[in-house]
file start04.cif (mmCIF, C-alpha atoms)
data_model
loop_
_atom_site.label_atom_id
_atom_site.label_comp_id
_atom_site.auth_asym_id
_atom_site.auth_seq_id
_atom_site.Cartn_x
_atom_site.Cartn_y
_atom_site.Cartn_z
CA MET A 1 15.50 50.04 -35.34
CA THR A 2 13.64 48.68 -32.33
CA THR A 3 10.35 50.43 -31.53
CA LEU A 4 10.20 51.72 -27.99
CA PRO A 5 7.50 49.99 -25.88
CA LEU A 6 5.61 53.23 -25.18
CA ALA A 7 6.07 54.94 -28.54
CA ASN A 8 3.11 57.20 -29.43
CA ARG A 9 1.72 56.88 -25.88
CA ILE A 10 0.63 59.88 -23.79
CA ALA A 11 1.48 59.61 -20.08
CA LEU A 12 0.21 61.97 -17.36
CA VAL A 13 2.26 61.96 -14.15
CA THR A 14 1.26 63.98 -11.08
CA GLY A 15 3.80 65.11 -8.50
CA ALA A 16 6.40 64.98 -11.28
CA SER A 17 8.78 67.67 -10.05
CA ARG A 18 10.70 65.43 -7.65
CA GLY A 19 10.93 62.03 -6.01
CA ILE A 20 9.13 59.01 -7.41
CA GLY A 21 7.02 61.08 -9.81
CA HIS A 22 10.11 62.74 -11.28
CA ALA A 23 11.89 59.40 -11.72
CA THR A 24 8.82 57.71 -13.21
CA ALA A 25 8.33 60.51 -15.72
CA ARG A 26 11.92 60.08 -16.91
CA VAL A 27 11.62 56.31 -17.32
CA LEU A 28 8.31 56.64 -19.16
CA ALA A 29 9.92 59.15 -21.52
CA ARG A 30 12.89 56.85 -22.13
CA ALA A 31 10.39 54.10 -22.99
CA GLY A 32 8.97 56.36 -25.71
CA ALA A 33 6.00 58.05 -24.04
CA HIS A 34 5.24 61.75 -24.34
CA VAL A 35 5.06 62.85 -20.71
CA VAL A 36 2.55 65.38 -19.40
CA ALA A 37 4.20 66.38 -16.14
CA VAL A 38 2.06 67.97 -13.42
CA ALA A 39 3.40 69.62 -10.26
CA ARG A 40 3.15 72.84 -8.30
CA THR A 41 6.82 73.70 -8.74
CA GLN A 42 7.69 75.31 -12.08
CA GLY A 43 11.42 75.03 -11.44
CA GLY A 44 11.22 71.31 -10.73
CA LEU A 45 9.21 70.75 -13.90
CA GLU A 46 11.77 72.65 -15.96
CA GLU A 47 14.58 70.54 -14.52
CA LEU A 48 12.62 67.41 -15.44
CA ASP A 49 12.13 68.71 -18.98
CA ASP A 50 15.86 69.39 -19.31
CA GLU A 51 16.65 65.83 -18.21
CA ILE A 52 14.10 64.28 -20.55
CA ARG A 53 15.43 66.32 -23.47
CA LYS A 54 19.00 65.20 -22.73
CA GLU A 55 17.96 61.55 -22.47
CA THR A 56 15.48 61.33 -25.35
CA GLY A 57 15.83 64.41 -27.52
CA ASN A 58 12.16 65.24 -26.91
CA GLY A 59 10.57 67.56 -24.39
CA ALA A 60 7.67 67.02 -22.00
CA THR A 61 4.44 68.98 -21.64
CA LEU A 62 4.79 70.91 -18.38
CA VAL A 63 1.68 71.71 -16.34
CA PRO A 64 2.26 73.87 -13.23
CA LEU A 65 -0.87 72.98 -11.28
CA SER A 66 -1.89 72.40 -7.69
CA MET A 67 -3.78 69.15 -7.23
CA THR A 68 -6.27 71.07 -5.09
CA ASP A 69 -7.33 73.02 -8.21
CA SER A 70 -10.24 70.85 -9.35
CA ASP A 71 -11.15 73.24 -12.15
CA GLY A 72 -7.54 73.16 -13.32
CA ILE A 73 -7.63 69.36 -13.51
CA ALA A 74 -10.81 69.61 -15.58
CA ARG A 75 -9.17 72.13 -17.91
CA LEU A 76 -6.20 69.81 -18.28
CA GLY A 77 -8.52 66.98 -19.32
CA ALA A 78 -10.12 69.23 -21.92
CA ALA A 79 -6.72 70.32 -23.24
CA LEU A 80 -5.54 66.71 -23.55
CA HIS A 81 -8.72 65.84 -25.42
CA GLU A 82 -8.21 68.72 -27.83
CA ARG A 83 -4.51 68.03 -28.43
CA HIS A 84 -4.29 64.25 -28.31
CA GLY A 85 -7.84 62.86 -28.20
CA LYS A 86 -6.76 60.23 -25.67
CA LEU A 87 -4.64 59.45 -22.63
CA ASP A 88 -2.77 56.16 -22.43
CA ILE A 89 -1.21 56.31 -18.96
CA LEU A 90 -2.14 58.00 -15.69
CA VAL A 91 0.27 57.85 -12.76
CA GLY A 92 -1.38 59.35 -9.67
CA ASN A 93 1.67 60.05 -7.54
CA ALA A 94 1.15 63.49 -5.95
CA ALA A 95 0.64 63.34 -2.18
CA VAL A 96 1.36 65.24 1.01
CA PRO A 97 2.31 63.67 4.37
CA GLY A 98 0.11 65.85 6.56
CA PRO A 99 0.71 66.55 10.25
CA SER A 100 2.41 63.93 12.43
CA SER A 101 0.22 64.39 15.49
CA PRO A 102 -2.45 62.60 17.52
CA LEU A 103 -5.80 62.80 15.76
CA GLY A 104 -7.32 64.88 18.52
CA HIS A 105 -4.61 67.53 18.11
CA ILE A 106 -5.10 68.07 14.37
CA ASP A 107 -7.07 71.10 13.23
CA LEU A 108 -9.71 70.70 10.54
CA LYS A 109 -7.85 72.72 7.89
CA PRO A 110 -4.69 70.55 7.74
CA TRP A 111 -6.92 67.47 7.76
CA ASN A 112 -8.90 68.83 4.81
CA ASP A 113 -5.68 69.78 3.02
CA VAL A 114 -4.43 66.18 3.12
CA VAL A 115 -7.80 64.82 1.98
CA ALA A 116 -7.84 67.32 -0.89
CA VAL A 117 -4.47 66.28 -2.32
CA ASN A 118 -4.26 62.57 -1.47
CA LEU A 119 -7.87 61.61 -2.16
CA SER A 120 -10.15 64.21 -3.74
CA ALA A 121 -7.61 65.16 -6.41
CA ASN A 122 -7.37 61.54 -7.52
CA PHE A 123 -11.17 61.32 -7.65
CA GLN A 124 -11.18 64.40 -9.89
CA LEU A 125 -8.48 62.83 -12.07
CA ILE A 126 -10.68 59.76 -12.49
CA ARG A 127 -13.69 61.90 -13.42
CA CYS A 128 -11.78 63.99 -15.95
CA MET A 129 -9.38 61.42 -17.41
CA GLU A 130 -11.57 58.31 -17.66
CA PRO A 131 -13.02 59.21 -21.09
CA LEU A 132 -9.51 59.86 -22.40
CA LEU A 133 -8.15 56.60 -20.97
CA LYS A 134 -11.07 54.72 -22.49
CA ALA A 135 -10.24 56.32 -25.85
CA SER A 136 -6.88 54.54 -25.68
CA ASP A 137 -6.59 50.95 -26.90
CA ALA A 138 -4.74 50.13 -23.66
CA GLY A 139 -5.37 52.74 -20.96
CA ARG A 140 -3.36 52.17 -17.80
CA ALA A 141 -3.74 53.88 -14.41
CA VAL A 142 -1.39 53.42 -11.45
CA PHE A 143 -1.92 55.12 -8.09
CA LEU A 144 0.86 55.36 -5.51
CA THR A 145 -0.21 54.11 -2.09
CA SER A 146 1.58 53.26 1.16
CA GLY A 147 1.88 50.53 3.76
CA ALA A 148 0.53 53.15 6.16
CA ALA A 149 -2.92 52.42 4.72
CA HIS A 150 -2.88 49.01 6.41
CA LYS A 151 -0.67 49.58 9.45
CA ALA A 152 -2.88 52.34 10.88
CA GLN A 153 0.27 53.68 12.53
CA ALA A 154 -0.14 56.15 15.38
CA TYR A 155 0.42 59.85 14.66
CA LEU A 156 0.19 59.45 10.86
CA GLY A 157 -3.61 59.48 10.79
CA PRO A 158 -4.42 61.86 7.90
CA TYR A 159 -1.88 60.23 5.59
CA ALA A 160 -2.87 56.67 6.51
CA VAL A 161 -6.60 57.33 6.23
CA THR A 162 -6.32 59.01 2.84
CA LYS A 163 -4.12 56.25 1.43
CA ALA A 164 -6.58 53.60 2.65
CA ALA A 165 -9.39 55.55 0.99
CA LEU A 166 -7.34 55.92 -2.20
CA GLU A 167 -6.90 52.15 -2.36
CA THR A 168 -10.67 51.65 -2.13
CA LEU A 169 -11.23 54.37 -4.74
CA ALA A 170 -8.87 52.68 -7.19
CA ARG A 171 -10.37 49.23 -6.54
CA VAL A 172 -13.91 50.50 -7.15
CA TRP A 173 -12.75 52.05 -10.43
CA ALA A 174 -11.01 48.80 -11.40
CA HIS A 175 -14.25 46.87 -10.85
CA GLU A 176 -16.25 49.42 -12.81
CA THR A 177 -13.88 49.20 -15.78
CA GLU A 178 -12.88 45.54 -15.70
CA ARG A 179 -14.82 44.78 -18.91
CA THR A 180 -12.98 47.54 -20.77
CA PRO A 181 -9.35 47.70 -21.97
CA LEU A 182 -8.55 50.07 -19.05
CA ARG A 183 -6.45 48.54 -16.25
CA VAL A 184 -6.31 50.21 -12.82
CA ASN A 185 -3.77 49.24 -10.17
CA LEU A 186 -1.94 50.43 -7.06
CA PHE A 187 1.78 50.56 -6.32
CA SER A 188 3.20 50.61 -2.78
CA PRO A 189 6.87 51.67 -2.82
CA GLY A 190 7.63 51.32 0.88
CA PRO A 191 10.43 53.37 2.50
CA ILE A 192 12.20 55.29 -0.29
CA ARG A 193 14.77 58.08 -0.27
CA THR A 194 12.43 61.03 -0.87
CA ARG A 195 11.96 64.47 0.62
CA MET A 196 8.55 63.45 1.97
CA ARG A 197 10.04 60.47 3.77
CA ALA A 198 12.73 62.68 5.32
CA THR A 199 10.06 65.10 6.53
CA VAL A 200 8.10 62.37 8.32
CA PHE A 201 11.12 60.44 9.63
CA PRO A 202 13.88 63.05 10.11
CA GLY A 203 16.07 60.76 12.21
CA GLU A 204 16.29 58.09 9.52
CA ASP A 205 19.50 57.69 7.51
CA PRO A 206 18.36 58.24 3.89
CA MET A 207 21.38 56.36 2.57
CA THR A 208 19.88 53.14 3.96
CA LEU A 209 16.88 53.50 1.62
CA GLU A 210 16.43 52.65 -2.03
CA THR A 211 16.07 55.48 -4.54
CA PRO A 212 13.10 56.75 -6.57
CA GLU A 213 14.92 55.65 -9.73
CA GLN A 214 14.96 52.05 -8.53
CA VAL A 215 11.23 52.20 -7.81
CA ALA A 216 10.32 53.79 -11.15
CA ASP A 217 11.71 50.84 -13.06
CA PHE A 218 8.98 48.70 -11.46
CA ILE A 219 6.13 51.16 -12.03
CA VAL A 220 6.63 51.43 -15.78
CA PRO A 221 5.81 47.77 -16.59
CA MET A 222 2.35 48.38 -15.07
CA CYS A 223 1.87 51.12 -17.71
CA LEU A 224 2.60 48.93 -20.73
CA PRO A 225 -0.12 47.73 -23.13
CA SER A 226 1.00 44.18 -22.31
CA TRP A 227 0.01 44.59 -18.62
CA THR A 228 -3.28 42.72 -18.06
CA GLU A 229 -3.93 42.73 -14.31
CA THR A 230 -6.42 45.14 -12.74
CA GLY A 231 -7.49 45.91 -9.18
CA LYS A 232 -4.18 44.67 -7.77
CA LEU A 233 -1.44 46.11 -5.57
CA TYR A 234 2.25 45.80 -6.37
CA GLU A 235 4.34 45.78 -3.20
CA TYR A 236 7.81 46.95 -4.14
CA LYS A 237 9.47 45.87 -0.90
CA THR A 238 8.64 42.21 -1.55
CA ARG A 239 8.46 42.52 -5.37
CA THR A 240 5.01 40.93 -5.18
CA LEU A 241 1.76 41.59 -7.04
CA LYS A 242 -1.02 41.12 -4.49
CA SER A 243 -4.76 40.63 -4.61
CA PHE A 244 -6.89 42.31 -1.96
CA GLN A 245 -8.41 39.95 0.59
CA PRO A 246 -11.43 40.42 2.87
CA PRO A 247 -10.46 41.31 6.47
CA ALA A 248 -10.20 38.42 8.91
#
call {"tool": "encode", "arguments": {"input": "start04.cif", "output": "structure tokens"}}
result
Amino acid sequence: MTTLPLANRIALVTGASRGIGHATARVLARAGAHVVAVARTQGGLEELDDEIRKETGNGATLVPLSMTDSDGIARLGAALHERHGKLDILVGNAAVPGPSSPLGHIDLKPWNDVVAVNLSANFQLIRCMEPLLKASDAGRAVFLTSGAAHKAQAYLGPYAVTKAALETLARVWAHETERTPLRVNLFSPGPIRTRMRATVFPGEDPMTLETPEQVADFIVPMCLPSWTETGKLYEYKTRTLKSFQPPA
């Protein structure tokens, strides 16, 4: 019997109730990982658990949690330490699009809401999960980013700014941990058939876009113990692993 590549691995996936997070959680489970699925939506998590049970015979650990609940993230880290003593994989996928408006028209609260989910929550994940990832013999962290971080597209300011900041956050962490077994990378999926994409671009035909399931198959290799790169960005659209370059 062939051993699954992620057998005995613990994988935490945020934003796991739908879209890319949902698909990635399923593929990680099929590869043998025990998935700790985090999302605000209980119903979506239960649907994910049903699918994982049908596909693997094993259930996931479901964590209904808002990513703005910093204390909740800390409690999750403590619970993982008590139950498993380690974390092998962190997929930071949860994000919100924020308002599609000129910067000068955006109120402070919606701005802060986007920063809280897209940036500060990932910082808190790093703080609370780093000791657990370092307890693994091959800790792997992958954060979902966007081409918006580099395009600086008009009217998508909060989303673009937070994704650019997330990329810097992940790169700093990669440099800080490069002499450890922990590998930290970014994944940019590009235009994908998700609810978030439809919210931001309502006039777009979703059937012209690739699916979250197609994307997830490319995220999982970055979670394997055999993955050695750190501080890089995988661009799904071009199927290219890229190094960050200084600005011209």
call {"tool": "residues_around", "arguments": {"input": "start04.cif", "residues": "stretch 95-103 of chain A", "least_positions_apart": "2", "cutoff": "6 Å", "atoms": "only C-alpha atoms", "output": "MDAnalysis selection string"}}
result
chainID A and resid 105:106 114 117:118 155:156 159
call {"tool": "atom_distance", "arguments": {"input": "start04.cif", "atom1": "atom CA of A:Gln245", "atom2": "atom CA of A:Ala164"}}
result
13.9 Å
call {"tool": "atom_distance", "arguments": {"input": "start04.cif", "atom1": "atom CA of A:Ala7", "atom2": "atom CA of A:Val35"}}
result
11.2 Å
call {"tool": "resolve_selection", "arguments": {"input": "start04.cif", "expression": "the PyMOL selection byres ((chain A and resi 65) around 12)", "output": "PDB file with C-alpha atoms, in the coordinates of the input"}}
result
ATOM      1  CA  VAL A  13       2.260  61.960 -14.150  1.00  0.00           C
ATOM      2  CA  THR A  14       1.260  63.980 -11.080  1.00  0.00           C
ATOM      3  CA  GLY A  15       3.800  65.110  -8.500  1.00  0.00           C
ATOM      4  CA  ALA A  16       6.400  64.980 -11.280  1.00  0.00           C
ATOM      5  CA  SER A  17       8.780  67.670 -10.050  1.00  0.00           C
ATOM      6  CA  VAL A  36       2.550  65.380 -19.400  1.00  0.00           C
ATOM      7  CA  ALA A  37       4.200  66.380 -16.140  1.00  0.00           C
ATOM      8  CA  VAL A  38       2.060  67.970 -13.420  1.00  0.00           C
ATOM      9  CA  ALA A  39       3.400  69.620 -10.260  1.00  0.00           C
ATOM     10  CA  ARG A  40       3.150  72.840  -8.300  1.00  0.00           C
ATOM     11  CA  THR A  41       6.820  73.700  -8.740  1.00  0.00           C
ATOM     12  CA  GLN A  42       7.690  75.310 -12.080  1.00  0.00           C
ATOM     13  CA  LEU A  45       9.210  70.750 -13.900  1.00  0.00           C
ATOM     14  CA  LEU A  62       4.790  70.910 -18.380  1.00  0.00           C
ATOM     15  CA  VAL A  63       1.680  71.710 -16.340  1.00  0.00           C
ATOM     16  CA  PRO A  64       2.260  73.870 -13.230  1.00  0.00           C
ATOM     17  CA  SER A  66      -1.890  72.400  -7.690  1.00  0.00           C
ATOM     18  CA  MET A  67      -3.780  69.150  -7.230  1.00  0.00           C
ATOM     19  CA  THR A  68      -6.270  71.070  -5.090  1.00  0.00           C
ATOM     20  CA  ASP A  69      -7.330  73.020  -8.210  1.00  0.00           C
ATOM     21  CA  SER A  70     -10.240  70.850  -9.350  1.00  0.00           C
ATOM     22  CA  ASP A  71     -11.150  73.240 -12.150  1.00  0.00           C
ATOM     23  CA  GLY A  72      -7.540  73.160 -13.320  1.00  0.00           C
ATOM     24  CA  ILE A  73      -7.630  69.360 -13.510  1.00  0.00           C
ATOM     25  CA  ALA A  74     -10.810  69.610 -15.580  1.00  0.00           C
ATOM     26  CA  ARG A  75      -9.170  72.130 -17.910  1.00  0.00           C
ATOM     27  CA  LEU A  76      -6.200  69.810 -18.280  1.00  0.00           C
ATOM     28  CA  ALA A  94       1.150  63.490  -5.950  1.00  0.00           C
ATOM     29  CA  VAL A 117      -4.470  66.280  -2.320  1.00  0.00           C
ATOM     30  CA  ALA A 121      -7.610  65.160  -6.410  1.00  0.00           C
TER      31      ALA A 121
END
call {"tool": "resolve_selection", "arguments": {"input": "start04.cif", "expression": "the PyMOL selection byres ((chain A and resi 20-23) around 6)", "output": "PyMOL selection string"}}
result
chain A and resi 15-19+24-26+93+212-213+216
call {"tool": "resolve_selection", "arguments": {"input": "start04.cif", "expression": "the PyMOL selection byres ((chain A and resi 175-189) around 6)", "output": "ChimeraX atom specification"}}
result
/A:138-146,172-174,190,230-236
call {"tool": "atom_distance", "arguments": {"input": "start04.cif", "atom1": "atom CA of A:Pro247", "atom2": "atom CA of A:Asn122"}}
result
24.8 Å
call {"tool": "closest_residue", "arguments": {"input": "start04.cif", "among": "A:Gly147, A:Pro131, A:Gly77, A:Gly85", "to": "A:Arg9", "atoms": "only C-alpha atoms"}}
result
A:Gly85
call {"tool": "residues_around", "arguments": {"input": "start04.cif", "residues": "A:Ala29", "least_positions_apart": "2", "cutoff": "9 Å", "atoms": "all atoms listed in the file", "output": "list in words"}}
result
Leu6, Ala11, Thr24, Ala25, Arg26, Val27, Ala31, Gly32, Ala33, His34, Val35, Ile52, Glu55, Thr56, Asn58, Gly59 and Ala60 of chain A
call {"tool": "closest_residue", "arguments": {"input": "start04.cif", "among": "A:Lys86, A:Glu167, A:Ala116, A:Leu224", "to": "A:Cys128", "atoms": "only C-alpha atoms"}}
result
A:Lys86
call {"tool": "residues_around", "arguments": {"input": "start04.cif", "residues": "A:Leu87", "least_positions_apart": "6", "cutoff": "6 Å", "atoms": "only C-alpha atoms", "output": "PyMOL selection string"}}
result
chain A and resi 10+132-133
call {"tool": "write_last_selection", "arguments": {"input": "start04.cif", "atoms": "C-alpha atoms", "output": "mmCIF file, in the coordinates of the input"}}
result
data_model
loop_
_atom_site.group_PDB
_atom_site.id
_atom_site.type_symbol
_atom_site.label_atom_id
_atom_site.label_comp_id
_atom_site.auth_asym_id
_atom_site.auth_seq_id
_atom_site.Cartn_x
_atom_site.Cartn_y
_atom_site.Cartn_z
ATOM 1 C CA ILE A 10 0.630 59.880 -23.790
ATOM 2 C CA LEU A 132 -9.510 59.860 -22.400
ATOM 3 C CA LEU A 133 -8.150 56.600 -20.970
#
call {"tool": "closest_residue", "arguments": {"input": "start04.cif", "among": "A:Leu90, A:Ala154, A:Ala149, A:Met129", "to": "A:Gly104", "atoms": "all atoms listed in the file"}}
result
A:Ala154
call {"tool": "closest_residue", "arguments": {"input": "start04.cif", "among": "A:Arg239, A:Lys151, A:Arg30, A:Lys54", "to": "A:Val220", "atoms": "all atoms listed in the file"}}
result
A:Arg30
call {"tool": "axis_aligned_box", "arguments": {"input": "start04.cif", "around": "stretch 45-53 of chain A", "padding_each_side": "8 Å", "output": "JSON"}}
result
{"center_x": 12.9, "center_y": 68.5, "center_z": -18.7, "size_x": 23.4, "size_y": 24.4, "size_z": 25.6}
call {"tool": "closest_residue", "arguments": {"input": "start04.cif", "among": "A:Pro246, A:Met222, A:Gly44, A:Ala78", "to": "A:Val91", "atoms": "all atoms listed in the file"}}
result
A:Met222
call {"tool": "build_atoms", "arguments": {"input": "start04.cif", "residues": "stretch 86-114 of chain A", "atoms": "N, CA and C atoms", "output": "mmCIF file, in the coordinates of the input"}}
result
data_model
loop_
_atom_site.group_PDB
_atom_site.id
_atom_site.type_symbol
_atom_site.label_atom_id
_atom_site.label_comp_id
_atom_site.auth_asym_id
_atom_site.auth_seq_id
_atom_site.Cartn_x
_atom_site.Cartn_y
_atom_site.Cartn_z
ATOM 1 N N LYS A 86 -6.850 61.438 -26.498
ATOM 2 C CA LYS A 86 -6.760 60.230 -25.670
ATOM 3 C C LYS A 86 -5.731 60.461 -24.573
ATOM 4 N N LEU A 87 -5.700 59.556 -23.622
ATOM 5 C CA LEU A 87 -4.640 59.450 -22.630
ATOM 6 C C LEU A 87 -4.373 57.972 -22.440
ATOM 7 N N ASP A 88 -3.114 57.582 -22.530
ATOM 8 C CA ASP A 88 -2.770 56.160 -22.430
ATOM 9 C C ASP A 88 -2.374 55.738 -21.020
ATOM 10 N N ILE A 89 -1.766 56.659 -20.270
ATOM 11 C CA ILE A 89 -1.210 56.310 -18.960
ATOM 12 C C ILE A 89 -1.497 57.436 -17.976
ATOM 13 N N LEU A 90 -1.973 57.061 -16.805
ATOM 14 C CA LEU A 90 -2.140 58.000 -15.690
ATOM 15 C C LEU A 90 -1.389 57.454 -14.486
ATOM 16 N N VAL A 91 -0.440 58.211 -13.989
ATOM 17 C CA VAL A 91 0.270 57.850 -12.760
ATOM 18 C C VAL A 91 -0.097 58.877 -11.701
ATOM 19 N N GLY A 92 -0.942 58.473 -10.753
ATOM 20 C CA GLY A 92 -1.380 59.350 -9.670
ATOM 21 C C GLY A 92 -0.401 59.252 -8.510
ATOM 22 N N ASN A 93 0.581 60.130 -8.519
ATOM 23 C CA ASN A 93 1.670 60.050 -7.540
ATOM 24 C C ASN A 93 1.634 61.169 -6.511
ATOM 25 N N ALA A 94 1.088 62.331 -6.850
ATOM 26 C CA ALA A 94 1.150 63.490 -5.950
ATOM 27 C C ALA A 94 0.495 63.179 -4.605
ATOM 28 N N ALA A 95 1.168 63.562 -3.537
ATOM 29 C CA ALA A 95 0.640 63.340 -2.180
ATOM 30 C C ALA A 95 1.362 64.262 -1.213
ATOM 31 N N VAL A 96 0.733 64.496 -0.076
ATOM 32 C CA VAL A 96 1.360 65.240 1.010
ATOM 33 C C VAL A 96 1.296 64.388 2.274
ATOM 34 N N PRO A 97 2.286 64.520 3.180
ATOM 35 C CA PRO A 97 2.310 63.670 4.370
ATOM 36 C C PRO A 97 1.310 64.088 5.432
ATOM 37 N N GLY A 98 1.007 65.376 5.501
ATOM 38 C CA GLY A 98 0.110 65.850 6.560
ATOM 39 C C GLY A 98 0.821 65.933 7.890
ATOM 40 N N PRO A 99 0.108 66.406 8.918
ATOM 41 C CA PRO A 99 0.710 66.550 10.250
ATOM 42 C C PRO A 99 0.979 65.203 10.912
ATOM 43 N N SER A 100 2.087 65.122 11.647
ATOM 44 C CA SER A 100 2.410 63.930 12.430
ATOM 45 C C SER A 100 2.036 64.203 13.883
ATOM 46 N N SER A 101 0.759 64.033 14.173
ATOM 47 C CA SER A 101 0.220 64.390 15.490
ATOM 48 C C SER A 101 -0.913 63.437 15.852
ATOM 49 N N PRO A 102 -1.256 63.346 17.142
ATOM 50 C CA PRO A 102 -2.450 62.600 17.520
ATOM 51 C C PRO A 102 -3.678 63.187 16.823
ATOM 52 N N LEU A 103 -4.624 62.347 16.486
ATOM 53 C CA LEU A 103 -5.800 62.800 15.760
ATOM 54 C C LEU A 103 -6.510 63.953 16.466
ATOM 55 N N GLY A 104 -6.614 63.858 17.770
ATOM 56 C CA GLY A 104 -7.320 64.880 18.520
ATOM 57 C C GLY A 104 -6.631 66.228 18.563
ATOM 58 N N HIS A 105 -5.377 66.278 18.103
ATOM 59 C CA HIS A 105 -4.610 67.530 18.110
ATOM 60 C C HIS A 105 -4.565 68.189 16.738
ATOM 61 N N ILE A 106 -5.174 67.562 15.743
ATOM 62 C CA ILE A 106 -5.100 68.070 14.370
ATOM 63 C C ILE A 106 -6.285 68.987 14.087
ATOM 64 N N ASP A 107 -6.000 70.180 13.601
ATOM 65 C CA ASP A 107 -7.070 71.100 13.230
ATOM 66 C C ASP A 107 -7.740 70.629 11.940
ATOM 67 N N LEU A 108 -8.935 71.138 11.693
ATOM 68 C CA LEU A 108 -9.710 70.700 10.540
ATOM 69 C C LEU A 108 -9.051 71.090 9.217
ATOM 70 N N LYS A 109 -8.433 72.285 9.163
ATOM 71 C CA LYS A 109 -7.850 72.720 7.890
ATOM 72 C C LYS A 109 -6.735 71.799 7.414
ATOM 73 N N PRO A 110 -5.713 71.469 8.237
ATOM 74 C CA PRO A 110 -4.690 70.550 7.740
ATOM 75 C C PRO A 110 -5.236 69.174 7.397
ATOM 76 N N TRP A 111 -6.269 68.737 8.120
ATOM 77 C CA TRP A 111 -6.920 67.470 7.760
ATOM 78 C C TRP A 111 -7.515 67.576 6.357
ATOM 79 N N ASN A 112 -8.267 68.639 6.115
ATOM 80 C CA ASN A 112 -8.900 68.830 4.810
ATOM 81 C C ASN A 112 -7.870 68.990 3.699
ATOM 82 N N ASP A 113 -6.737 69.604 4.021
ATOM 83 C CA ASP A 113 -5.680 69.780 3.020
ATOM 84 C C ASP A 113 -5.140 68.433 2.549
ATOM 85 N N VAL A 114 -4.942 67.503 3.478
ATOM 86 C CA VAL A 114 -4.430 66.180 3.120
ATOM 87 C C VAL A 114 -5.477 65.408 2.304
#
